[in-house]
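S.K.: The structure follows.
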Amino acid sequence: MVNFLHQWLRRLLPPTVTPTSCQEPRPPWAVDELQFLSLCTRCGACATACPRVLLRPAQHPKYRDSPILGTPTLDLTFGSCNYCGQCVRTCPTGALDLALGRQVQTRVRVAKQCQASQGFYCLLCEDACPRFAIKVTGGGVQLNQEACNGCGLCGVACLHDAISFSRRP
């Protein structure tokens, strides 16, 4: 009877999948994800050192019971990163490393509500980009991902919440 009940519940409940990698961008100069997860002690030193308060612990419910929970992520919602390196200098474990890590951890996305993409005059993101990675044309917004350093200035400048950042693969 217990076995029957167990099998019945297994069919009813969806399988739990433990994520193996974080979906949010990591701090600048984070090493490869698997190595990062093994090195990061979730001490919070990098977040404390960030002068722009851009690093936050991964707390999404999907990370519960996974090694990702509590590891630092880069949140460019309300600020931009100037790559000062304070987070790297305070990391005691090497999870953030200037020589082995990758500086740019983000990829820019432009949403449908972008005014320039809808034919309205708006150059806020183009004007804000220090690397000239964004070009507004008659057909919308063109992104040069190779030129983009993922600083987040374009997202801060956008008044329509049309720019978001995802983790760079």
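Chain labels follow the order of the structure tokens: the first chain is A, the next B, and so on; residue numbering restarts at 1 in every chain, and ligands are counted from 1 in their shown order.
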Need to verify the contact set: Ala133 in chain A, 12 Å, only C-alpha atoms, exclusion of same-chain residues closer than 2 positions in sequence. Can you return it as a PDB file with all heavy atoms, in the first residue's frame?

M.R.:
```pdb
ATOM      1  N   ARG A 107      24.869  40.505 -21.040  1.00  0.00           N
ATOM      2  CA  ARG A 107      24.465  40.685 -22.432  1.00  0.00           C
ATOM      3  C   ARG A 107      23.243  41.603 -22.408  1.00  0.00           C
ATOM      4  O   ARG A 107      22.315  41.383 -21.643  1.00  0.00           O
ATOM      5  CB  ARG A 107      24.128  39.348 -23.070  1.00  0.00           C
ATOM      6  CG  ARG A 107      23.627  39.505 -24.440  1.00  0.00           C
ATOM      7  CD  ARG A 107      24.151  38.671 -25.558  1.00  0.00           C
ATOM      8  NE  ARG A 107      25.285  37.821 -25.425  1.00  0.00           N
ATOM      9  CZ  ARG A 107      26.416  38.005 -26.103  1.00  0.00           C
ATOM     10  NH1 ARG A 107      26.541  39.038 -26.890  1.00  0.00           N
ATOM     11  NH2 ARG A 107      27.407  37.169 -25.984  1.00  0.00           N
ATOM     12  N   VAL A 108      23.252  42.635 -23.240  1.00  0.00           N
ATOM     13  CA  VAL A 108      22.171  43.620 -23.286  1.00  0.00           C
ATOM     14  C   VAL A 108      21.011  43.079 -24.104  1.00  0.00           C
ATOM     15  O   VAL A 108      21.213  42.476 -25.163  1.00  0.00           O
ATOM     16  CB  VAL A 108      22.668  44.957 -23.894  1.00  0.00           C
ATOM     17  CG1 VAL A 108      21.540  45.957 -24.028  1.00  0.00           C
ATOM     18  CG2 VAL A 108      23.783  45.526 -23.047  1.00  0.00           C
ATOM     19  N   CYS A 125      19.802  55.713 -24.798  1.00  0.00           N
ATOM     20  CA  CYS A 125      20.761  54.611 -24.621  1.00  0.00           C
ATOM     21  C   CYS A 125      22.013  54.821 -25.474  1.00  0.00           C
ATOM     22  O   CYS A 125      23.132  54.561 -25.026  1.00  0.00           O
ATOM     23  CB  CYS A 125      20.113  53.268 -24.928  1.00  0.00           C
ATOM     24  SG  CYS A 125      19.482  53.103 -26.608  1.00  0.00           S
ATOM     25  N   GLU A 126      21.829  55.301 -26.686  1.00  0.00           N
ATOM     26  CA  GLU A 126      22.974  55.552 -27.571  1.00  0.00           C
ATOM     27  C   GLU A 126      23.885  56.619 -26.980  1.00  0.00           C
ATOM     28  O   GLU A 126      25.111  56.476 -26.973  1.00  0.00           O
ATOM     29  CB  GLU A 126      22.503  55.973 -28.956  1.00  0.00           C
ATOM     30  CG  GLU A 126      23.648  56.207 -29.920  1.00  0.00           C
ATOM     31  CD  GLU A 126      23.179  56.612 -31.311  1.00  0.00           C
ATOM     32  OE1 GLU A 126      22.044  56.281 -31.704  1.00  0.00           O
ATOM     33  OE2 GLU A 126      23.958  57.277 -32.013  1.00  0.00           O
ATOM     34  N   ASP A 127      23.297  57.678 -26.468  1.00  0.00           N
ATOM     35  CA  ASP A 127      24.092  58.760 -25.872  1.00  0.00           C
ATOM     36  C   ASP A 127      24.803  58.311 -24.597  1.00  0.00           C
ATOM     37  O   ASP A 127      25.887  58.813 -24.292  1.00  0.00           O
ATOM     38  CB  ASP A 127      23.205  59.966 -25.553  1.00  0.00           C
ATOM     39  CG  ASP A 127      22.721  60.679 -26.811  1.00  0.00           C
ATOM     40  OD1 ASP A 127      23.314  60.461 -27.891  1.00  0.00           O
ATOM     41  OD2 ASP A 127      21.741  61.443 -26.711  1.00  0.00           O
ATOM     42  N   ALA A 128      24.222  57.397 -23.861  1.00  0.00           N
ATOM     43  CA  ALA A 128      24.797  56.957 -22.587  1.00  0.00           C
ATOM     44  C   ALA A 128      25.941  55.972 -22.762  1.00  0.00           C
ATOM     45  O   ALA A 128      26.792  55.848 -21.885  1.00  0.00           O
ATOM     46  CB  ALA A 128      23.719  56.327 -21.727  1.00  0.00           C
ATOM     47  N   CYS A 129      25.994  55.283 -23.878  1.00  0.00           N
ATOM     48  CA  CYS A 129      26.987  54.219 -24.071  1.00  0.00           C
ATOM     49  C   CYS A 129      28.389  54.787 -24.304  1.00  0.00           C
ATOM     50  O   CYS A 129      28.636  55.445 -25.318  1.00  0.00           O
ATOM     51  CB  CYS A 129      26.594  53.324 -25.240  1.00  0.00           C
ATOM     52  SG  CYS A 129      27.742  51.946 -25.473  1.00  0.00           S
ATOM     53  N   PRO A 130      29.324  54.511 -23.390  1.00  0.00           N
ATOM     54  CA  PRO A 130      30.680  55.033 -23.552  1.00  0.00           C
ATOM     55  C   PRO A 130      31.498  54.294 -24.611  1.00  0.00           C
ATOM     56  O   PRO A 130      32.528  54.788 -25.054  1.00  0.00           O
ATOM     57  CB  PRO A 130      31.301  54.835 -22.171  1.00  0.00           C
ATOM     58  CG  PRO A 130      30.569  53.676 -21.599  1.00  0.00           C
ATOM     59  CD  PRO A 130      29.172  53.759 -22.146  1.00  0.00           C
ATOM     60  N   ARG A 131      31.024  53.130 -25.032  1.00  0.00           N
ATOM     61  CA  ARG A 131      31.767  52.315 -25.998  1.00  0.00           C
ATOM     62  C   ARG A 131      31.170  52.372 -27.410  1.00  0.00           C
ATOM     63  O   ARG A 131      31.613  51.641 -28.282  1.00  0.00           O
ATOM     64  CB  ARG A 131      31.794  50.851 -25.520  1.00  0.00           C
ATOM     65  CG  ARG A 131      32.304  50.632 -24.113  1.00  0.00           C
ATOM     66  CD  ARG A 131      33.796  50.576 -24.042  1.00  0.00           C
ATOM     67  NE  ARG A 131      34.337  49.599 -24.933  1.00  0.00           N
ATOM     68  CZ  ARG A 131      34.989  48.506 -24.573  1.00  0.00           C
ATOM     69  NH1 ARG A 131      35.190  48.275 -23.306  1.00  0.00           N
ATOM     70  NH2 ARG A 131      35.464  47.684 -25.458  1.00  0.00           N
ATOM     71  N   LYS A 135      23.507  51.749 -31.464  1.00  0.00           N
ATOM     72  CA  LYS A 135      23.236  52.687 -32.554  1.00  0.00           C
ATOM     73  C   LYS A 135      21.741  52.658 -32.836  1.00  0.00           C
ATOM     74  O   LYS A 135      21.175  51.600 -33.102  1.00  0.00           O
ATOM     75  CB  LYS A 135      24.032  52.285 -33.809  1.00  0.00           C
ATOM     76  CG  LYS A 135      23.857  53.224 -34.960  1.00  0.00           C
ATOM     77  CD  LYS A 135      24.564  54.532 -34.702  1.00  0.00           C
ATOM     78  CE  LYS A 135      24.416  55.452 -35.886  1.00  0.00           C
ATOM     79  NZ  LYS A 135      24.555  56.838 -35.529  1.00  0.00           N
ATOM     80  N   VAL A 136      21.113  53.823 -32.743  1.00  0.00           N
ATOM     81  CA  VAL A 136      19.686  53.927 -33.043  1.00  0.00           C
ATOM     82  C   VAL A 136      19.551  54.313 -34.502  1.00  0.00           C
ATOM     83  O   VAL A 136      20.130  55.307 -34.946  1.00  0.00           O
ATOM     84  CB  VAL A 136      18.999  54.967 -32.130  1.00  0.00           C
ATOM     85  CG1 VAL A 136      17.524  55.118 -32.508  1.00  0.00           C
ATOM     86  CG2 VAL A 136      19.138  54.571 -30.675  1.00  0.00           C
ATOM     87  N   VAL A 141      16.963  49.690 -32.719  1.00  0.00           N
ATOM     88  CA  VAL A 141      18.232  49.744 -32.004  1.00  0.00           C
ATOM     89  C   VAL A 141      19.124  48.599 -32.459  1.00  0.00           C
ATOM     90  O   VAL A 141      18.693  47.447 -32.494  1.00  0.00           O
ATOM     91  CB  VAL A 141      18.004  49.657 -30.476  1.00  0.00           C
ATOM     92  CG1 VAL A 141      19.308  49.621 -29.729  1.00  0.00           C
ATOM     93  CG2 VAL A 141      17.156  50.820 -30.000  1.00  0.00           C
ATOM     94  N   GLN A 142      20.349  48.942 -32.819  1.00  0.00           N
ATOM     95  CA  GLN A 142      21.322  47.921 -33.196  1.00  0.00           C
ATOM     96  C   GLN A 142      22.372  47.834 -32.095  1.00  0.00           C
ATOM     97  O   GLN A 142      22.921  48.851 -31.669  1.00  0.00           O
ATOM     98  CB  GLN A 142      21.991  48.269 -34.516  1.00  0.00           C
ATOM     99  CG  GLN A 142      21.055  48.227 -35.691  1.00  0.00           C
ATOM    100  CD  GLN A 142      21.767  48.621 -36.977  1.00  0.00           C
ATOM    101  OE1 GLN A 142      22.874  49.131 -36.965  1.00  0.00           O
ATOM    102  NE2 GLN A 142      21.111  48.369 -38.100  1.00  0.00           N
ATOM    103  N   LEU A 143      22.637  46.614 -31.644  1.00  0.00           N
ATOM    104  CA  LEU A 143      23.616  46.383 -30.585  1.00  0.00           C
ATOM    105  C   LEU A 143      24.858  45.736 -31.160  1.00  0.00           C
ATOM    106  O   LEU A 143      24.767  44.764 -31.906  1.00  0.00           O
ATOM    107  CB  LEU A 143      23.041  45.453 -29.519  1.00  0.00           C
ATOM    108  CG  LEU A 143      21.843  45.959 -28.743  1.00  0.00           C
ATOM    109  CD1 LEU A 143      21.265  44.844 -27.896  1.00  0.00           C
ATOM    110  CD2 LEU A 143      22.236  47.125 -27.880  1.00  0.00           C
ATOM    111  N   ASN A 144      25.993  46.270 -30.799  1.00  0.00           N
ATOM    112  CA  ASN A 144      27.267  45.642 -31.151  1.00  0.00           C
ATOM    113  C   ASN A 144      27.773  44.959 -29.882  1.00  0.00           C
ATOM    114  O   ASN A 144      28.406  45.589 -29.038  1.00  0.00           O
ATOM    115  CB  ASN A 144      28.259  46.693 -31.649  1.00  0.00           C
ATOM    116  CG  ASN A 144      29.593  46.098 -32.034  1.00  0.00           C
ATOM    117  OD1 ASN A 144      29.893  44.950 -31.718  1.00  0.00           O
ATOM    118  ND2 ASN A 144      30.405  46.889 -32.701  1.00  0.00           N
ATOM    119  N   GLN A 145      27.459  43.677 -29.733  1.00  0.00           N
ATOM    120  CA  GLN A 145      27.793  42.947 -28.514  1.00  0.00           C
ATOM    121  C   GLN A 145      29.303  42.853 -28.299  1.00  0.00           C
ATOM    122  O   GLN A 145      29.755  42.764 -27.170  1.00  0.00           O
ATOM    123  CB  GLN A 145      27.173  41.543 -28.533  1.00  0.00           C
ATOM    124  CG  GLN A 145      25.663  41.537 -28.524  1.00  0.00           C
ATOM    125  CD  GLN A 145      25.039  41.962 -27.202  1.00  0.00           C
ATOM    126  OE1 GLN A 145      25.718  42.260 -26.224  1.00  0.00           O
ATOM    127  NE2 GLN A 145      23.727  42.002 -27.176  1.00  0.00           N
ATOM    128  N   GLU A 146      30.063  42.895 -29.369  1.00  0.00           N
ATOM    129  CA  GLU A 146      31.521  42.830 -29.234  1.00  0.00           C
ATOM    130  C   GLU A 146      32.083  44.110 -28.608  1.00  0.00           C
ATOM    131  O   GLU A 146      33.047  44.065 -27.865  1.00  0.00           O
ATOM    132  CB  GLU A 146      32.174  42.567 -30.588  1.00  0.00           C
ATOM    133  CG  GLU A 146      31.838  41.205 -31.164  1.00  0.00           C
ATOM    134  CD  GLU A 146      32.219  40.063 -30.240  1.00  0.00           C
ATOM    135  OE1 GLU A 146      33.334  40.077 -29.696  1.00  0.00           O
ATOM    136  OE2 GLU A 146      31.382  39.166 -30.058  1.00  0.00           O
ATOM    137  N   ALA A 147      31.478  45.240 -28.927  1.00  0.00           N
ATOM    138  CA  ALA A 147      31.949  46.508 -28.378  1.00  0.00           C
ATOM    139  C   ALA A 147      31.411  46.762 -26.974  1.00  0.00           C
ATOM    140  O   ALA A 147      32.004  47.502 -26.198  1.00  0.00           O
ATOM    141  CB  ALA A 147      31.543  47.657 -29.293  1.00  0.00           C
ATOM    142  N   CYS A 148      30.301  46.138 -26.636  1.00  0.00           N
ATOM    143  CA  CYS A 148      29.652  46.354 -25.338  1.00  0.00           C
ATOM    144  C   CYS A 148      30.497  45.780 -24.208  1.00  0.00           C
ATOM    145  O   CYS A 148      30.939  44.635 -24.272  1.00  0.00           O
ATOM    146  CB  CYS A 148      28.276  45.686 -25.338  1.00  0.00           C
ATOM    147  SG  CYS A 148      27.393  45.822 -23.779  1.00  0.00           S
ATOM    148  N   ASN A 149      30.697  46.570 -23.162  1.00  0.00           N
ATOM    149  CA  ASN A 149      31.433  46.062 -22.002  1.00  0.00           C
ATOM    150  C   ASN A 149      30.503  45.718 -20.842  1.00  0.00           C
ATOM    151  O   ASN A 149      30.959  45.415 -19.752  1.00  0.00           O
ATOM    152  CB  ASN A 149      32.519  47.053 -21.561  1.00  0.00           C
ATOM    153  CG  ASN A 149      31.959  48.287 -20.897  1.00  0.00           C
ATOM    154  OD1 ASN A 149      30.760  48.531 -20.895  1.00  0.00           O
ATOM    155  ND2 ASN A 149      32.844  49.092 -20.343  1.00  0.00           N
ATOM    156  N   GLY A 150      29.193  45.787 -21.065  1.00  0.00           N
ATOM    157  CA  GLY A 150      28.233  45.355 -20.065  1.00  0.00           C
ATOM    158  C   GLY A 150      28.155  46.224 -18.832  1.00  0.00           C
ATOM    159  O   GLY A 150      27.761  45.764 -17.772  1.00  0.00           O
ATOM    160  N   CYS A 151      28.506  47.497 -18.956  1.00  0.00           N
ATOM    161  CA  CYS A 151      28.567  48.383 -17.785  1.00  0.00           C
ATOM    162  C   CYS A 151      27.198  48.715 -17.209  1.00  0.00           C
ATOM    163  O   CYS A 151      27.067  48.968 -16.029  1.00  0.00           O
ATOM    164  CB  CYS A 151      29.326  49.655 -18.122  1.00  0.00           C
ATOM    165  SG  CYS A 151      28.491  50.744 -19.293  1.00  0.00           S
ATOM    166  N   GLY A 152      26.159  48.768 -18.048  1.00  0.00           N
ATOM    167  CA  GLY A 152      24.816  49.048 -17.572  1.00  0.00           C
ATOM    168  C   GLY A 152      24.370  50.490 -17.714  1.00  0.00           C
ATOM    169  O   GLY A 152      23.244  50.826 -17.337  1.00  0.00           O
ATOM    170  N   LEU A 153      25.211  51.364 -18.246  1.00  0.00           N
ATOM    171  CA  LEU A 153      24.830  52.772 -18.386  1.00  0.00           C
ATOM    172  C   LEU A 153      23.610  52.958 -19.287  1.00  0.00           C
ATOM    173  O   LEU A 153      22.783  53.829 -19.044  1.00  0.00           O
ATOM    174  CB  LEU A 153      26.001  53.595 -18.905  1.00  0.00           C
ATOM    175  CG  LEU A 153      27.052  53.962 -17.865  1.00  0.00           C
ATOM    176  CD1 LEU A 153      28.282  54.567 -18.531  1.00  0.00           C
ATOM    177  CD2 LEU A 153      26.483  54.916 -16.839  1.00  0.00           C
ATOM    178  N   CYS A 154      23.477  52.144 -20.316  1.00  0.00           N
ATOM    179  CA  CYS A 154      22.333  52.261 -21.223  1.00  0.00           C
ATOM    180  C   CYS A 154      21.026  51.954 -20.494  1.00  0.00           C
ATOM    181  O   CYS A 154      20.013  52.611 -20.703  1.00  0.00           O
ATOM    182  CB  CYS A 154      22.494  51.355 -22.433  1.00  0.00           C
ATOM    183  SG  CYS A 154      22.726  49.609 -22.032  1.00  0.00           S
TER     184      CYS A 154
END
```

S.K.: Pick out the residues sitting within 9 Å of Pro72 in chain A, and hand them over as an mmCIF file with C-alpha atoms, in the first residue's frame; count only C-alpha atoms, and ignore anything fewer than 2 positions along from it in its own chain.

M.R.:
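What landed in out-v8.cif:
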```cif
data_model
loop_
_atom_site.group_PDB
_atom_site.id
_atom_site.type_symbol
_atom_site.label_atom_id
_atom_site.label_comp_id
_atom_site.auth_asym_id
_atom_site.auth_seq_id
_atom_site.Cartn_x
_atom_site.Cartn_y
_atom_site.Cartn_z
ATOM 1 C CA PRO A 25 25.090 37.753 -14.402
ATOM 2 C CA ARG A 26 28.004 37.071 -12.095
ATOM 3 C CA PRO A 27 30.280 39.838 -10.769
ATOM 4 C CA CYS A 40 32.849 30.959 -3.631
ATOM 5 C CA ARG A 42 29.302 33.181 0.035
ATOM 6 C CA GLY A 44 29.784 38.642 0.979
ATOM 7 C CA CYS A 46 32.703 41.312 -2.819
ATOM 8 C CA ALA A 47 29.244 42.789 -2.213
ATOM 9 C CA LEU A 55 26.315 42.827 -6.073
ATOM 10 C CA ARG A 56 23.508 40.854 -4.454
ATOM 11 C CA PRO A 57 23.225 37.261 -3.290
ATOM 12 C CA ALA A 58 21.271 34.888 -5.534
ATOM 13 C CA ILE A 68 23.857 28.697 -6.296
ATOM 14 C CA LEU A 69 21.877 30.043 -3.340
ATOM 15 C CA GLY A 70 23.696 32.968 -1.727
ATOM 16 C CA LEU A 74 25.523 41.490 -10.646
#
```

S.K.: Write out as an mmCIF file with N, CA, C and O atoms, in the first residue's frame all residues of chain A that backbone DSSP assigns to strand (DSSP E).

M.R.:
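New file selection-v6.cif:
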```
data_model
loop_
_atom_site.group_PDB
_atom_site.id
_atom_site.type_symbol
_atom_site.label_atom_id
_atom_site.label_comp_id
_atom_site.auth_asym_id
_atom_site.auth_seq_id
_atom_site.Cartn_x
_atom_site.Cartn_y
_atom_site.Cartn_z
ATOM 1 N N LEU A 55 26.250 44.274 -6.273
ATOM 2 C CA LEU A 55 26.315 42.827 -6.073
ATOM 3 C C LEU A 55 25.314 42.402 -5.009
ATOM 4 O O LEU A 55 25.253 42.977 -3.930
ATOM 5 N N ARG A 56 24.537 41.376 -5.354
ATOM 6 C CA ARG A 56 23.508 40.854 -4.454
ATOM 7 C C ARG A 56 23.591 39.332 -4.437
ATOM 8 O O ARG A 56 23.943 38.717 -5.436
ATOM 9 N N PRO A 57 23.218 38.717 -3.319
ATOM 10 C CA PRO A 57 23.225 37.261 -3.290
ATOM 11 C C PRO A 57 22.071 36.689 -4.117
ATOM 12 O O PRO A 57 20.982 37.264 -4.149
ATOM 13 N N PRO A 72 27.149 35.542 -5.191
ATOM 14 C CA PRO A 72 26.923 36.909 -5.681
ATOM 15 C C PRO A 72 26.519 36.968 -7.148
ATOM 16 O O PRO A 72 26.997 36.202 -7.981
ATOM 17 N N THR A 73 25.600 37.903 -7.424
ATOM 18 C CA THR A 73 25.169 38.196 -8.791
ATOM 19 C C THR A 73 25.283 39.697 -9.015
ATOM 20 O O THR A 73 25.248 40.488 -8.071
ATOM 21 N N LEU A 74 25.405 40.083 -10.268
ATOM 22 C CA LEU A 74 25.523 41.490 -10.646
ATOM 23 C C LEU A 74 24.144 42.019 -11.007
ATOM 24 O O LEU A 74 23.506 41.519 -11.929
ATOM 25 N N THR A 106 27.665 40.303 -18.740
ATOM 26 C CA THR A 106 26.286 40.608 -19.131
ATOM 27 C C THR A 106 26.103 40.688 -20.639
ATOM 28 O O THR A 106 27.040 40.926 -21.383
ATOM 29 N N ARG A 107 24.869 40.505 -21.040
ATOM 30 C CA ARG A 107 24.465 40.685 -22.432
ATOM 31 C C ARG A 107 23.243 41.603 -22.408
ATOM 32 O O ARG A 107 22.315 41.383 -21.643
ATOM 33 N N VAL A 108 23.252 42.635 -23.240
ATOM 34 C CA VAL A 108 22.171 43.620 -23.286
ATOM 35 C C VAL A 108 21.011 43.079 -24.104
ATOM 36 O O VAL A 108 21.213 42.476 -25.163
ATOM 37 N N ARG A 109 19.802 43.335 -23.616
ATOM 38 C CA ARG A 109 18.584 42.983 -24.353
ATOM 39 C C ARG A 109 17.702 44.217 -24.448
ATOM 40 O O ARG A 109 17.539 44.939 -23.474
ATOM 41 N N VAL A 110 17.128 44.438 -25.617
ATOM 42 C CA VAL A 110 16.219 45.559 -25.825
ATOM 43 C C VAL A 110 14.820 44.992 -26.024
ATOM 44 O O VAL A 110 14.592 44.168 -26.907
ATOM 45 N N ILE A 134 25.836 50.928 -29.032
ATOM 46 C CA ILE A 134 24.412 51.040 -29.364
ATOM 47 C C ILE A 134 24.243 52.107 -30.427
ATOM 48 O O ILE A 134 24.747 53.217 -30.296
ATOM 49 N N LYS A 135 23.507 51.749 -31.464
ATOM 50 C CA LYS A 135 23.236 52.687 -32.554
ATOM 51 C C LYS A 135 21.741 52.658 -32.836
ATOM 52 O O LYS A 135 21.175 51.600 -33.102
ATOM 53 N N VAL A 136 21.113 53.823 -32.743
ATOM 54 C CA VAL A 136 19.686 53.927 -33.043
ATOM 55 C C VAL A 136 19.551 54.313 -34.502
ATOM 56 O O VAL A 136 20.130 55.307 -34.946
ATOM 57 N N THR A 137 18.802 53.500 -35.247
ATOM 58 C CA THR A 137 18.568 53.752 -36.670
ATOM 59 C C THR A 137 17.066 53.815 -36.923
ATOM 60 O O THR A 137 16.266 53.624 -35.998
ATOM 61 N N GLY A 140 15.262 50.741 -35.707
ATOM 62 C CA GLY A 140 15.300 50.377 -34.289
ATOM 63 C C GLY A 140 16.692 50.509 -33.709
ATOM 64 O O GLY A 140 17.507 51.296 -34.176
ATOM 65 N N VAL A 141 16.963 49.690 -32.719
ATOM 66 C CA VAL A 141 18.232 49.744 -32.004
ATOM 67 C C VAL A 141 19.124 48.599 -32.459
ATOM 68 O O VAL A 141 18.693 47.447 -32.494
ATOM 69 N N GLN A 142 20.349 48.942 -32.819
ATOM 70 C CA GLN A 142 21.322 47.921 -33.196
ATOM 71 C C GLN A 142 22.372 47.834 -32.095
ATOM 72 O O GLN A 142 22.921 48.851 -31.669
ATOM 73 N N LEU A 143 22.637 46.614 -31.644
ATOM 74 C CA LEU A 143 23.616 46.383 -30.585
ATOM 75 C C LEU A 143 24.858 45.736 -31.160
ATOM 76 O O LEU A 143 24.767 44.764 -31.906
ATOM 77 N N ILE A 163 15.520 48.238 -21.527
ATOM 78 C CA ILE A 163 16.822 47.574 -21.565
ATOM 79 C C ILE A 163 16.990 46.723 -20.323
ATOM 80 O O ILE A 163 16.797 47.190 -19.201
ATOM 81 N N SER A 164 17.350 45.479 -20.557
ATOM 82 C CA SER A 164 17.612 44.563 -19.452
ATOM 83 C C SER A 164 18.933 43.850 -19.726
ATOM 84 O O SER A 164 19.484 43.935 -20.825
ATOM 85 N N PHE A 165 19.398 43.139 -18.733
ATOM 86 C CA PHE A 165 20.674 42.460 -18.851
ATOM 87 C C PHE A 165 20.518 41.007 -18.460
ATOM 88 O O PHE A 165 19.885 40.688 -17.468
ATOM 89 N N SER A 166 21.084 40.147 -19.263
ATOM 90 C CA SER A 166 21.070 38.719 -18.968
ATOM 91 C C SER A 166 22.501 38.246 -18.841
ATOM 92 O O SER A 166 23.443 38.976 -19.181
ATOM 93 N N ARG A 167 22.642 37.051 -18.396
ATOM 94 C CA ARG A 167 23.984 36.489 -18.235
ATOM 95 C C ARG A 167 24.585 36.177 -19.585
ATOM 96 O O ARG A 167 23.957 35.578 -20.454
#
```

S.K.: Which of these, A:Cys122, A:Ala49, A:Val88, A:Cys114, has the shortest distance to Arg102 in chain A once you count only C-alpha atoms?

M.R.: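 Nearest candidate to Arg102 in chain A out of A:Cys122, A:Ala49, A:Val88, A:Cys114: A:Val88.
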
S.K.: What separation in Å, quoted to one decimal, exists between CA of Ser66 in chain A and CA of Leu39 in chain A?

M.R.: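 Between these atoms lies a distance of 14.8 Å.
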
S.K.: Name the closest residue to Ala45 in chain A among the candidates A:Asp75, A:Gln59, A:Val31, A:Gln86; distances are taken between atoms, counting only C-alpha atoms.

M.R.: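 Of all the options, A:Gln86 lies closest to Ala45 in chain A.
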
S.K.: Please compute the CA of Pro51 in chain A-CA of Thr71 in chain A distance, one decimal, in Å.

M.R.: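 Interatomic distance here is 18.3 Å.
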
S.K.: Residues of range 128-164 of chain A in helix (DSSP H, G or I) according to DSSP, as an NGL selection string?

M.R.: :A and (128 or 153-157)

S.K.: Restricted to N, CA and C atoms, what would the selected residues look like written as a PDB file, in the first residue's frame?

M.R.:
```pdb
ATOM      1  N   ALA A 128      24.222  57.397 -23.861  1.00  0.00           N
ATOM      2  CA  ALA A 128      24.797  56.957 -22.587  1.00  0.00           C
ATOM      3  C   ALA A 128      25.941  55.972 -22.762  1.00  0.00           C
ATOM      4  N   LEU A 153      25.211  51.364 -18.246  1.00  0.00           N
ATOM      5  CA  LEU A 153      24.830  52.772 -18.386  1.00  0.00           C
ATOM      6  C   LEU A 153      23.610  52.958 -19.287  1.00  0.00           C
ATOM      7  N   CYS A 154      23.477  52.144 -20.316  1.00  0.00           N
ATOM      8  CA  CYS A 154      22.333  52.261 -21.223  1.00  0.00           C
ATOM      9  C   CYS A 154      21.026  51.954 -20.494  1.00  0.00           C
ATOM     10  N   GLY A 155      21.058  50.960 -19.621  1.00  0.00           N
ATOM     11  CA  GLY A 155      19.864  50.599 -18.854  1.00  0.00           C
ATOM     12  C   GLY A 155      19.464  51.665 -17.863  1.00  0.00           C
ATOM     13  N   VAL A 156      20.439  52.313 -17.257  1.00  0.00           N
ATOM     14  CA  VAL A 156      20.159  53.404 -16.322  1.00  0.00           C
ATOM     15  C   VAL A 156      19.560  54.586 -17.072  1.00  0.00           C
ATOM     16  N   ALA A 157      20.036  54.844 -18.282  1.00  0.00           N
ATOM     17  CA  ALA A 157      19.568  55.994 -19.066  1.00  0.00           C
ATOM     18  C   ALA A 157      18.169  55.782 -19.647  1.00  0.00           C
TER      19      ALA A 157
END
```

S.K.: Go through A:Pro28, A:Leu98, A:Asp65, A:Gly119 one by one, measure the shortest atom-to-atom distance of each to Asn82 in chain A using only C-alpha atoms, and give the residue with the smallest value.

M.R.: A:Pro28

S.K.: Quote the spacing between CA of Ser21 in chain A and CA of Thr41 in chain A in Å to one decimal place.

M.R.: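 Computing it gives 15.9 Å between the two atoms.
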
S.K.: Tell me which of A:Asp161, A:Asp32, A:Asp97, A:Glu24 sits closest to Gly85 in chain A, counting only C-alpha atoms.

M.R.: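 Result for the nearest residue to Gly85 in chain A: A:Asp97.
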
S.K.: From the list A:Cys22, A:Leu96, A:Cys87, A:Leu37, which residue is nearest Leu54 in chain A when using only C-alpha atoms?

M.R.: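 Among the listed residues, the smallest separation from Leu54 in chain A belongs to A:Cys87.
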